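Student: Got a structure for you, coords-v4.csv, holding CSV, C-alpha atoms.
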```csv
chain,number,residue,atom,x,y,z
A,1,MET,CA,0.0,0.0,0.0
A,2,GLY,CA,2.8,2.4,0.8
A,3,GLN,CA,4.4,1.9,-2.6
A,4,THR,CA,1.0,2.3,-4.3
A,5,LEU,CA,0.3,5.6,-2.4
A,6,CYS,CA,3.7,7.0,-3.3
A,7,ARG,CA,3.2,6.1,-7.0
A,8,LEU,CA,-0.3,7.6,-7.2
A,9,ALA,CA,0.1,10.7,-5.1
A,10,PRO,CA,1.7,12.9,-7.8
A,11,GLU,CA,-0.9,11.7,-10.3
A,12,MET,CA,-3.6,12.9,-8.0
A,13,GLY,CA,-2.1,16.4,-7.5
A,14,PHE,CA,-0.2,15.8,-4.2
A,15,ASP,CA,3.4,16.8,-3.4
A,16,LEU,CA,4.9,13.7,-1.7
A,17,VAL,CA,7.1,15.4,0.9
A,18,SER,CA,8.1,12.3,2.9
A,19,SER,CA,7.7,8.5,2.8
A,20,LEU,CA,8.6,6.7,5.9
A,21,ASP,CA,9.1,3.1,6.8
A,22,GLN,CA,9.9,1.2,10.1
A,23,GLY,CA,12.7,2.9,12.0
A,24,ASP,CA,12.5,6.3,10.1
A,25,ASP,CA,12.1,9.6,11.8
A,26,LEU,CA,8.5,10.5,11.7
A,27,VAL,CA,8.9,13.7,13.7
A,28,ALA,CA,11.3,15.2,11.1
A,29,GLY,CA,8.9,14.4,8.2
A,30,LEU,CA,5.9,15.8,9.9
A,31,SER,CA,7.1,19.4,10.0
A,32,ARG,CA,6.8,19.7,6.2
A,33,VAL,CA,3.4,18.1,5.5
A,34,GLN,CA,-0.3,19.0,5.7
A,35,ALA,CA,-1.6,15.4,6.1
A,36,VAL,CA,-0.3,12.0,7.0
A,37,ILE,CA,-1.5,8.7,5.6
A,38,ASP,CA,-0.8,5.7,7.8
A,39,PHE,CA,-0.9,2.2,6.4
A,40,SER,CA,1.8,0.8,8.6
A,41,SER,CA,0.7,-1.3,11.6
A,42,HIS,CA,-2.0,-1.0,14.3
A,43,ALA,CA,0.8,-1.2,16.9
A,44,VAL,CA,2.1,2.2,15.9
A,45,THR,CA,-1.0,4.1,14.8
A,46,ALA,CA,-1.7,5.5,18.3
A,47,GLN,CA,1.8,6.9,18.3
A,48,VAL,CA,1.4,8.4,14.8
A,49,ALA,CA,-1.9,10.0,15.9
A,50,GLU,CA,-0.3,11.5,19.0
A,51,LEU,CA,2.5,13.1,16.9
A,52,CYS,CA,0.0,14.4,14.4
A,53,ALA,CA,-2.1,15.9,17.2
A,54,ALA,CA,0.9,17.6,18.7
A,55,GLN,CA,1.9,19.1,15.3
A,56,ASP,CA,-1.6,19.9,14.1
A,57,LYS,CA,-1.5,17.6,11.0
A,58,ALA,CA,-4.5,15.9,9.4
A,59,LEU,CA,-4.4,12.1,9.6
A,60,VAL,CA,-5.8,9.3,7.5
A,61,ILE,CA,-5.6,5.9,9.2
A,62,GLY,CA,-5.6,2.8,7.0
A,63,THR,CA,-4.5,0.2,9.6
A,64,THR,CA,-6.8,-2.4,11.1
A,65,GLY,CA,-6.8,-4.9,14.0
A,66,HIS,CA,-6.6,-2.4,16.8
A,67,SER,CA,-7.1,-3.3,20.4
A,68,ASP,CA,-9.6,-1.4,22.6
A,69,GLU,CA,-6.8,0.6,24.1
A,70,GLU,CA,-5.4,1.6,20.7
A,71,LEU,CA,-8.8,2.6,19.6
A,72,ALA,CA,-9.3,4.8,22.7
A,73,ALA,CA,-6.0,6.5,22.0
A,74,ILE,CA,-6.9,7.2,18.4
A,75,ARG,CA,-10.3,8.7,19.5
A,76,CYS,CA,-8.5,10.9,22.1
A,77,HIS,CA,-6.0,12.4,19.6
A,78,ALA,CA,-8.7,12.8,17.0
A,79,SER,CA,-10.4,15.5,19.2
A,80,LYS,CA,-7.4,17.8,18.3
A,81,VAL,CA,-6.9,17.2,14.5
A,82,PRO,CA,-9.1,16.0,11.6
A,83,THR,CA,-8.7,12.2,11.5
A,84,VAL,CA,-10.2,9.9,8.9
A,85,PHE,CA,-10.3,6.4,10.2
A,86,ALA,CA,-11.9,3.8,7.9
A,87,PRO,CA,-11.6,0.0,7.6
A,88,ASN,CA,-11.6,0.4,3.8
A,89,TYR,CA,-11.0,3.4,1.5
A,90,SER,CA,-12.5,2.0,-1.7
A,91,VAL,CA,-15.5,4.0,-3.0
A,92,GLY,CA,-17.0,0.7,-4.0
A,93,VAL,CA,-16.7,-0.8,-0.5
A,94,ASN,CA,-18.2,2.3,1.1
A,95,THR,CA,-21.1,1.9,-1.3
A,96,LEU,CA,-21.4,-1.6,0.0
A,97,PHE,CA,-21.5,-0.3,3.6
A,98,TRP,CA,-24.4,1.9,2.6
A,99,LEU,CA,-26.2,-0.8,0.7
A,100,THR,CA,-25.7,-3.3,3.5
A,101,ARG,CA,-27.5,-1.0,6.0
A,102,LYS,CA,-30.4,-0.3,3.6
A,103,ALA,CA,-30.8,-4.0,2.7
A,104,ALA,CA,-30.9,-5.0,6.3
A,105,GLU,CA,-33.5,-2.4,7.0
A,106,ILE,CA,-35.7,-3.4,4.1
A,107,LEU,CA,-35.5,-7.2,4.5
A,108,GLY,CA,-36.1,-7.3,8.2
A,109,SER,CA,-35.6,-9.9,10.8
A,110,ASP,CA,-36.8,-12.9,8.7
A,111,PHE,CA,-33.4,-13.0,6.9
A,112,ASP,CA,-30.4,-14.7,8.4
A,113,LEU,CA,-27.2,-12.7,8.2
A,114,GLU,CA,-23.7,-13.9,7.2
A,115,VAL,CA,-20.5,-12.2,6.2
A,116,VAL,CA,-17.8,-13.9,4.2
A,117,GLU,CA,-14.4,-12.4,3.4
A,118,MET,CA,-11.3,-13.6,1.5
A,119,HIS,CA,-7.8,-12.1,1.4
A,120,HIS,CA,-4.3,-13.1,0.4
A,121,ASN,CA,-2.3,-15.5,2.5
A,122,LEU,CA,0.0,-12.8,4.0
A,123,LYS,CA,-2.8,-10.9,5.8
A,124,LYS,CA,-2.2,-10.9,9.5
A,125,ASP,CA,-5.6,-10.0,11.1
A,126,ALA,CA,-9.0,-11.8,10.8
A,127,PRO,CA,-11.6,-10.9,10.2
A,128,SER,CA,-10.7,-8.0,8.0
A,129,GLY,CA,-11.5,-4.5,9.2
A,130,THR,CA,-14.0,-4.3,6.3
A,131,ALA,CA,-15.8,-7.5,7.3
A,132,LYS,CA,-15.9,-6.4,10.9
A,133,ARG,CA,-17.5,-3.1,9.8
A,134,LEU,CA,-20.1,-4.9,7.7
A,135,ALA,CA,-21.0,-7.0,10.7
A,136,GLU,CA,-21.2,-3.9,12.9
A,137,ILE,CA,-23.6,-2.3,10.5
A,138,LEU,CA,-25.8,-5.4,10.6
A,139,CYS,CA,-25.7,-5.4,14.4
A,140,GLU,CA,-26.7,-1.7,14.5
A,141,VAL,CA,-29.7,-2.3,12.3
A,142,ARG,CA,-30.8,-5.4,14.3
A,143,ASP,CA,-30.0,-3.9,17.7
A,144,LEU,CA,-27.4,-6.6,18.4
A,145,GLN,CA,-24.0,-6.5,20.1
A,146,TYR,CA,-20.9,-7.4,18.0
A,147,ASN,CA,-19.0,-9.0,20.8
A,148,ASN,CA,-21.9,-11.2,21.9
A,149,ASP,CA,-23.9,-11.9,18.7
A,150,VAL,CA,-21.3,-12.3,15.9
A,151,GLN,CA,-20.3,-16.0,15.4
A,152,HIS,CA,-16.8,-16.4,14.1
A,153,GLY,CA,-17.0,-19.6,12.1
A,154,ARG,CA,-18.6,-22.8,13.2
A,155,HIS,CA,-17.2,-26.2,14.3
A,156,GLY,CA,-18.7,-29.3,15.9
A,157,ILE,CA,-22.3,-29.7,17.1
A,158,VAL,CA,-23.2,-26.0,17.5
A,159,GLY,CA,-26.9,-26.5,17.4
A,160,GLU,CA,-29.5,-24.6,15.3
A,161,ARG,CA,-28.7,-21.1,14.1
A,162,SER,CA,-30.2,-18.5,16.4
A,163,GLN,CA,-32.1,-15.5,15.0
A,164,ARG,CA,-29.8,-13.1,16.7
A,165,GLU,CA,-26.7,-14.6,15.2
A,166,VAL,CA,-24.5,-12.9,12.6
A,167,GLY,CA,-22.1,-15.3,11.0
A,168,MET,CA,-18.5,-14.3,10.2
A,169,HIS,CA,-16.2,-16.3,8.0
A,170,ALA,CA,-12.6,-15.4,7.0
A,171,VAL,CA,-10.9,-17.2,4.1
A,172,ARG,CA,-7.2,-16.9,3.3
A,173,GLY,CA,-5.3,-17.9,0.2
A,174,GLY,CA,-3.2,-16.8,-2.8
A,175,ASP,CA,-2.9,-13.2,-3.8
A,176,VAL,CA,-6.6,-12.1,-3.3
A,177,VAL,CA,-6.7,-8.4,-2.7
A,178,GLY,CA,-10.0,-8.5,-1.0
A,179,ASP,CA,-13.5,-10.0,-1.5
A,180,HIS,CA,-16.4,-9.3,0.8
A,181,THR,CA,-19.9,-10.7,0.6
A,182,VAL,CA,-23.0,-10.0,2.8
A,183,ILE,CA,-25.6,-12.8,2.7
A,184,TYR,CA,-29.3,-12.3,3.6
A,185,ALA,CA,-30.9,-15.8,3.6
A,186,ALA,CA,-34.6,-16.5,4.2
A,187,GLN,CA,-37.0,-19.3,3.4
A,188,GLY,CA,-37.2,-19.5,-0.4
A,189,GLU,CA,-34.9,-16.7,-1.3
A,190,ARG,CA,-31.4,-15.2,-0.7
A,191,VAL,CA,-29.9,-11.8,-1.4
A,192,GLU,CA,-26.1,-11.4,-1.7
A,193,LEU,CA,-24.1,-8.1,-1.9
A,194,THR,CA,-20.5,-8.6,-3.0
A,195,HIS,CA,-17.5,-6.4,-3.6
A,196,LYS,CA,-14.3,-7.7,-5.2
A,197,ALA,CA,-11.1,-5.7,-5.3
A,198,SER,CA,-8.6,-6.6,-8.0
A,199,SER,CA,-6.1,-3.8,-7.3
A,200,ARG,CA,-4.8,-1.9,-4.3
A,201,GLU,CA,-5.1,1.3,-6.3
A,202,THR,CA,-8.7,1.5,-5.3
A,203,PHE,CA,-7.7,1.8,-1.6
A,204,ALA,CA,-4.8,4.2,-2.3
A,205,ARG,CA,-6.9,6.5,-4.4
A,206,GLY,CA,-9.6,6.6,-1.7
A,207,ALA,CA,-7.1,7.3,1.0
A,208,LEU,CA,-5.6,10.2,-1.0
A,209,ARG,CA,-9.1,11.6,-1.6
A,210,ALA,CA,-9.6,11.4,2.2
A,211,ALA,CA,-6.4,13.2,2.9
A,212,HIS,CA,-7.4,16.0,0.5
A,213,TRP,CA,-10.8,16.3,2.3
A,214,ALA,CA,-9.3,16.1,5.8
A,215,ILE,CA,-6.9,19.1,5.2
A,216,THR,CA,-9.8,21.5,5.4
A,217,ALA,CA,-12.0,19.6,7.9
A,218,SER,CA,-12.5,20.6,11.5
A,219,PRO,CA,-10.9,18.5,14.2
A,220,GLY,CA,-12.8,15.2,14.9
A,221,LEU,CA,-13.0,11.5,14.0
A,222,TYR,CA,-14.5,10.8,10.6
A,223,ASP,CA,-14.8,7.9,8.2
A,224,MET,CA,-15.0,7.4,4.4
A,225,GLN,CA,-18.7,7.9,4.5
A,226,ASP,CA,-18.1,11.5,5.7
A,227,VAL,CA,-15.6,12.0,2.9
A,228,LEU,CA,-18.1,10.7,0.2
A,229,GLY,CA,-21.0,12.6,1.7
A,230,LEU,CA,-23.0,9.4,2.3
A,231,LYS,CA,-24.1,10.4,5.9
```
Write the structure described by the file as structure tokens, please.

Tutor:
Amino acid sequence: MGQTLCRLAPEMGFDLVSSLDQGDDLVAGLSRVQAVIDFSSHAVTAQVAELCAAQDKALVIGTTGHSDEELAAIRCHASKVPTVFAPNYSVGVNTLFWLTRKAAEILGSDFDLEVVEMHHNLKKDAPSGTAKRLAEILCEVRDLQYNNDVQHGRHGIVGERSQREVGMHAVRGGDVVGDHTVIYAAQGERVELTHKASSRETFARGALRAAHWAITASPGLYDMQDVLGLK
């Protein structure tokens, strides 16, 4: 993602002032920029957010897999600078988020809900941040709790599926950039919403679009739905 961002930034009208990797001096690079895009690791995102807040720099966060403590730190620092924090920066995926909510509202409680995602074999976290957000949207519509009602895979004699259950399934293999499907299954019919990414450019272009938007935004925590005007 870092390489893709660096390649596309000039094409989208950005001056790439600094590109940093593990061990580089972030503080020195920050002094010359208006916005930072972080696609490094969840383990350092809170530190990046703290430095951006201290130097009044807009921040776009593309890392996933954060702990509750890391999320709390990100929210705290976002009160000082505009921060876009999204599980996926693809315009298509954010359209999927919107459609997922609308379909759940329209179809109602008679439909069982399942989320299936597939990524390349090097991905470290599961489920993906995008899949988690899809399940969170379904839980919001159904008045469910993610930690209590999302079922991560099934094994053994698990009994009949409960009406409150949201199934979550992570598949890993090959070089898959990212596939996500939301399944609504009822008696006699099934609705499926699917997004498939074939290039990381979709995520990079969205993140750069978010950075351009964040530069003029007020301090606060936003997501890609704000950037695209879907709220």

Student: Could you check how far atom CA of A:Ala211 sits from atom CA of A:Gly92, in Å to one decimal?

Tutor: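 We find that atom CA of A:Ala211 and atom CA of A:Gly92 lie 17.8 Å from each other.
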
Student: Env of stretch 140-149 of chain A: 8 Å cut, atoms = all atoms listed in the file, seq-sep filter 3 positions within chain, self excluded. Answer as a PyMOL selection string.

Tutor: chain A and resi 101+104-105+109+135-137+164-166

Student: Could you check which residues have any atom within 12 Å of (-8.8, -2.4, 13.5), counting all atoms listed in the file with coordinates taken straight from the file, and then list them as a ChimeraX atom specification?

Tutor: /A:39,41-43,45-46,61-72,74,85-88,124-133

Student: Have a look at atom CA of A:Arg154 and atom CA of A:Val93 and let me know their distance in Å, one decimal.

Tutor: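 One can read the atom CA of A:Arg154 to atom CA of A:Val93 distance as 26.0 Å.
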
Student: Could you give me, as a tab-separated table (two decimals) with C-alpha atoms, keeping the file's coordinate frame, the residues that sit within 9 Å of (4.3, 7.5, 0.8) in the file's coordinates, counting all atoms listed in the file?

Tutor:
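Saved the output as part-v1.tsv:
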```tsv
chain	number	residue	atom	x	y	z
A	1	MET	CA	0.00	0.00	0.00
A	2	GLY	CA	2.80	2.40	0.80
A	3	GLN	CA	4.40	1.90	-2.60
A	4	THR	CA	1.00	2.30	-4.30
A	5	LEU	CA	0.30	5.60	-2.40
A	6	CYS	CA	3.70	7.00	-3.30
A	7	ARG	CA	3.20	6.10	-7.00
A	9	ALA	CA	0.10	10.70	-5.10
A	16	LEU	CA	4.90	13.70	-1.70
A	17	VAL	CA	7.10	15.40	0.90
A	18	SER	CA	8.10	12.30	2.90
A	19	SER	CA	7.70	8.50	2.80
A	20	LEU	CA	8.60	6.70	5.90
A	21	ASP	CA	9.10	3.10	6.80
A	36	VAL	CA	-0.30	12.00	7.00
A	37	ILE	CA	-1.50	8.70	5.60
A	38	ASP	CA	-0.80	5.70	7.80
```

Student: Enter the distance from atom CA of A:Arg190 to atom CA of A:Gly178, in Å, rounded to one decimal.

Tutor: 22.4 Å

Student: Compare A:Val44, A:Arg200, A:Leu230, A:Met12 by their minimum atom-to-atom distance to A:Leu26, counting all atoms listed in the file, and give me the closest one.

Tutor: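 The closest residue to A:Leu26 is A:Val44.
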
Student: From the set A:Ser162, A:Thr100, A:Asn94, A:Gln151, which residue has the shortest atom-to-atom contact distance to A:Asp226, counting only C-alpha atoms?

Tutor: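 Using only C-alpha atoms, the shortest distance to A:Asp226 belongs to A:Asn94.
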
Student: Tell me, as a PDB file with C-alpha atoms, in the coordinates of the input, which residues lie within 10 Å of A:Glu114, counting only C-alpha atoms; anything in the same chain fewer than 3 positions away does not count.

Tutor:
```pdb
ATOM      1  CA  PHE A 111     -33.400 -13.000   6.900  1.00  0.00           C
ATOM      2  CA  LEU A 134     -20.100  -4.900   7.700  1.00  0.00           C
ATOM      3  CA  ALA A 135     -21.000  -7.000  10.700  1.00  0.00           C
ATOM      4  CA  LEU A 138     -25.800  -5.400  10.600  1.00  0.00           C
ATOM      5  CA  VAL A 150     -21.300 -12.300  15.900  1.00  0.00           C
ATOM      6  CA  GLN A 151     -20.300 -16.000  15.400  1.00  0.00           C
ATOM      7  CA  GLU A 165     -26.700 -14.600  15.200  1.00  0.00           C
ATOM      8  CA  VAL A 166     -24.500 -12.900  12.600  1.00  0.00           C
ATOM      9  CA  GLY A 167     -22.100 -15.300  11.000  1.00  0.00           C
ATOM     10  CA  MET A 168     -18.500 -14.300  10.200  1.00  0.00           C
ATOM     11  CA  HIS A 169     -16.200 -16.300   8.000  1.00  0.00           C
ATOM     12  CA  THR A 181     -19.900 -10.700   0.600  1.00  0.00           C
ATOM     13  CA  VAL A 182     -23.000 -10.000   2.800  1.00  0.00           C
ATOM     14  CA  ILE A 183     -25.600 -12.800   2.700  1.00  0.00           C
ATOM     15  CA  TYR A 184     -29.300 -12.300   3.600  1.00  0.00           C
ATOM     16  CA  ALA A 185     -30.900 -15.800   3.600  1.00  0.00           C
ATOM     17  CA  GLU A 192     -26.100 -11.400  -1.700  1.00  0.00           C
TER      18      GLU A 192
END
```

Student: If we count all atoms listed in the file, what is near A:Pro82 at a cut-off of 7 Å, once residues fewer than 4 positions away on the same chain are taken out, given as JSON, numbers by chain?

Tutor: {"A": [58, 59, 78, 214, 217, 218, 219, 220, 221]}

Student: I need the residue nearest A:Leu228 from this list: A:Ser40, A:Ser31, A:Thr95, A:Gln22. Use all atoms listed in the file for the distance.

Tutor: A:Thr95

Student: For A:Val227, which residue among A:Glu201, A:Thr194, A:Val91, A:Gly156 is the nearest when counting all atoms listed in the file?

Tutor: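 Answer, going by the shortest atom-to-atom distance: A:Val91.
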
Student: Counting all atoms listed in the file, which residue out of A:Val84, A:Cys76, A:Cys139, A:Val177 sits closest to A:Thr202?

Tutor: A:Val177

Student: When you count only C-alpha atoms, which of these residues is closest to A:Asp179: A:Lys231, A:His155, A:His119, A:Arg161?

Tutor: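 Nearest candidate to A:Asp179 out of A:Lys231, A:His155, A:His119, A:Arg161: A:His119.
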
Student: Pull N, CA and C atoms for stretch 194-229 of chain A from the block and write them as a short mmCIF file (atom, residue, chain, number, x, y, z; two decimals), in the first residue's frame.

Tutor:
```
data_model
loop_
_atom_site.label_atom_id
_atom_site.label_comp_id
_atom_site.auth_asym_id
_atom_site.auth_seq_id
_atom_site.Cartn_x
_atom_site.Cartn_y
_atom_site.Cartn_z
N THR A 194 -21.94 -8.22 -2.94
CA THR A 194 -20.53 -8.59 -3.03
C THR A 194 -19.69 -7.46 -3.62
N HIS A 195 -18.53 -7.26 -3.04
CA HIS A 195 -17.52 -6.39 -3.62
C HIS A 195 -16.23 -7.17 -3.75
N LYS A 196 -15.57 -7.06 -4.92
CA LYS A 196 -14.30 -7.72 -5.15
C LYS A 196 -13.29 -6.69 -5.64
N ALA A 197 -12.18 -6.60 -4.94
CA ALA A 197 -11.11 -5.68 -5.33
C ALA A 197 -10.04 -6.46 -6.09
N SER A 198 -9.62 -5.94 -7.22
CA SER A 198 -8.58 -6.59 -8.01
C SER A 198 -7.27 -5.81 -8.00
N SER A 199 -7.29 -4.62 -7.38
CA SER A 199 -6.08 -3.80 -7.33
C SER A 199 -6.08 -2.96 -6.06
N ARG A 200 -4.91 -2.79 -5.46
CA ARG A 200 -4.79 -1.94 -4.28
C ARG A 200 -4.93 -0.46 -4.63
N GLU A 201 -4.92 -0.15 -5.92
CA GLU A 201 -5.07 1.25 -6.32
C GLU A 201 -6.39 1.84 -5.84
N THR A 202 -7.43 1.02 -5.76
CA THR A 202 -8.72 1.53 -5.31
C THR A 202 -8.64 2.06 -3.89
N PHE A 203 -7.89 1.36 -3.03
CA PHE A 203 -7.73 1.80 -1.65
C PHE A 203 -6.84 3.04 -1.56
N ALA A 204 -5.77 3.05 -2.34
CA ALA A 204 -4.85 4.18 -2.32
C ALA A 204 -5.52 5.46 -2.82
N ARG A 205 -6.26 5.35 -3.91
CA ARG A 205 -6.95 6.54 -4.43
C ARG A 205 -7.96 7.08 -3.42
N GLY A 206 -8.66 6.19 -2.75
CA GLY A 206 -9.62 6.62 -1.73
C GLY A 206 -8.94 7.29 -0.55
N ALA A 207 -7.80 6.74 -0.12
CA ALA A 207 -7.07 7.33 1.00
C ALA A 207 -6.53 8.72 0.64
N LEU A 208 -6.05 8.88 -0.57
CA LEU A 208 -5.58 10.19 -1.01
C LEU A 208 -6.74 11.18 -1.10
N ARG A 209 -7.87 10.71 -1.56
CA ARG A 209 -9.08 11.56 -1.58
C ARG A 209 -9.45 11.98 -0.17
N ALA A 210 -9.34 11.05 0.79
CA ALA A 210 -9.64 11.35 2.18
C ALA A 210 -8.67 12.38 2.75
N ALA A 211 -7.39 12.28 2.38
CA ALA A 211 -6.39 13.24 2.86
C ALA A 211 -6.69 14.64 2.35
N HIS A 212 -7.07 14.74 1.09
CA HIS A 212 -7.44 16.05 0.52
C HIS A 212 -8.63 16.64 1.26
N TRP A 213 -9.60 15.83 1.59
CA TRP A 213 -10.79 16.28 2.32
C TRP A 213 -10.44 16.69 3.74
N ALA A 214 -9.58 15.91 4.40
CA ALA A 214 -9.27 16.13 5.81
C ALA A 214 -8.50 17.42 6.04
N ILE A 215 -7.74 17.86 5.07
CA ILE A 215 -6.92 19.06 5.23
C ILE A 215 -7.76 20.27 5.62
N THR A 216 -8.97 20.35 5.11
CA THR A 216 -9.83 21.51 5.38
C THR A 216 -10.96 21.20 6.37
N ALA A 217 -10.95 20.01 6.95
CA ALA A 217 -12.01 19.63 7.89
C ALA A 217 -11.70 20.13 9.29
N SER A 218 -12.72 20.19 10.12
CA SER A 218 -12.53 20.55 11.52
C SER A 218 -12.00 19.35 12.30
N PRO A 219 -11.35 19.58 13.43
CA PRO A 219 -10.89 18.45 14.24
C PRO A 219 -12.03 17.49 14.59
N GLY A 220 -11.75 16.21 14.58
CA GLY A 220 -12.76 15.21 14.89
C GLY A 220 -12.45 13.90 14.21
N LEU A 221 -13.21 12.88 14.57
CA LEU A 221 -13.03 11.55 14.02
C LEU A 221 -14.06 11.30 12.93
N TYR A 222 -13.61 11.01 11.73
CA TYR A 222 -14.47 10.81 10.57
C TYR A 222 -14.19 9.45 9.94
N ASP A 223 -15.07 9.05 9.01
CA ASP A 223 -14.78 7.87 8.21
C ASP A 223 -15.02 8.20 6.74
N MET A 224 -14.87 7.20 5.89
CA MET A 224 -14.98 7.44 4.45
C MET A 224 -16.40 7.82 4.04
N GLN A 225 -17.37 7.46 4.83
CA GLN A 225 -18.75 7.86 4.55
C GLN A 225 -18.88 9.38 4.64
N ASP A 226 -18.15 10.01 5.57
CA ASP A 226 -18.13 11.46 5.67
C ASP A 226 -17.47 12.07 4.43
N VAL A 227 -16.35 11.50 4.03
CA VAL A 227 -15.61 12.01 2.88
C VAL A 227 -16.48 11.98 1.63
N LEU A 228 -17.24 10.92 1.45
CA LEU A 228 -18.06 10.73 0.24
C LEU A 228 -19.44 11.38 0.35
N GLY A 229 -19.76 11.96 1.51
CA GLY A 229 -21.05 12.60 1.68
C GLY A 229 -22.21 11.64 1.76
#
```
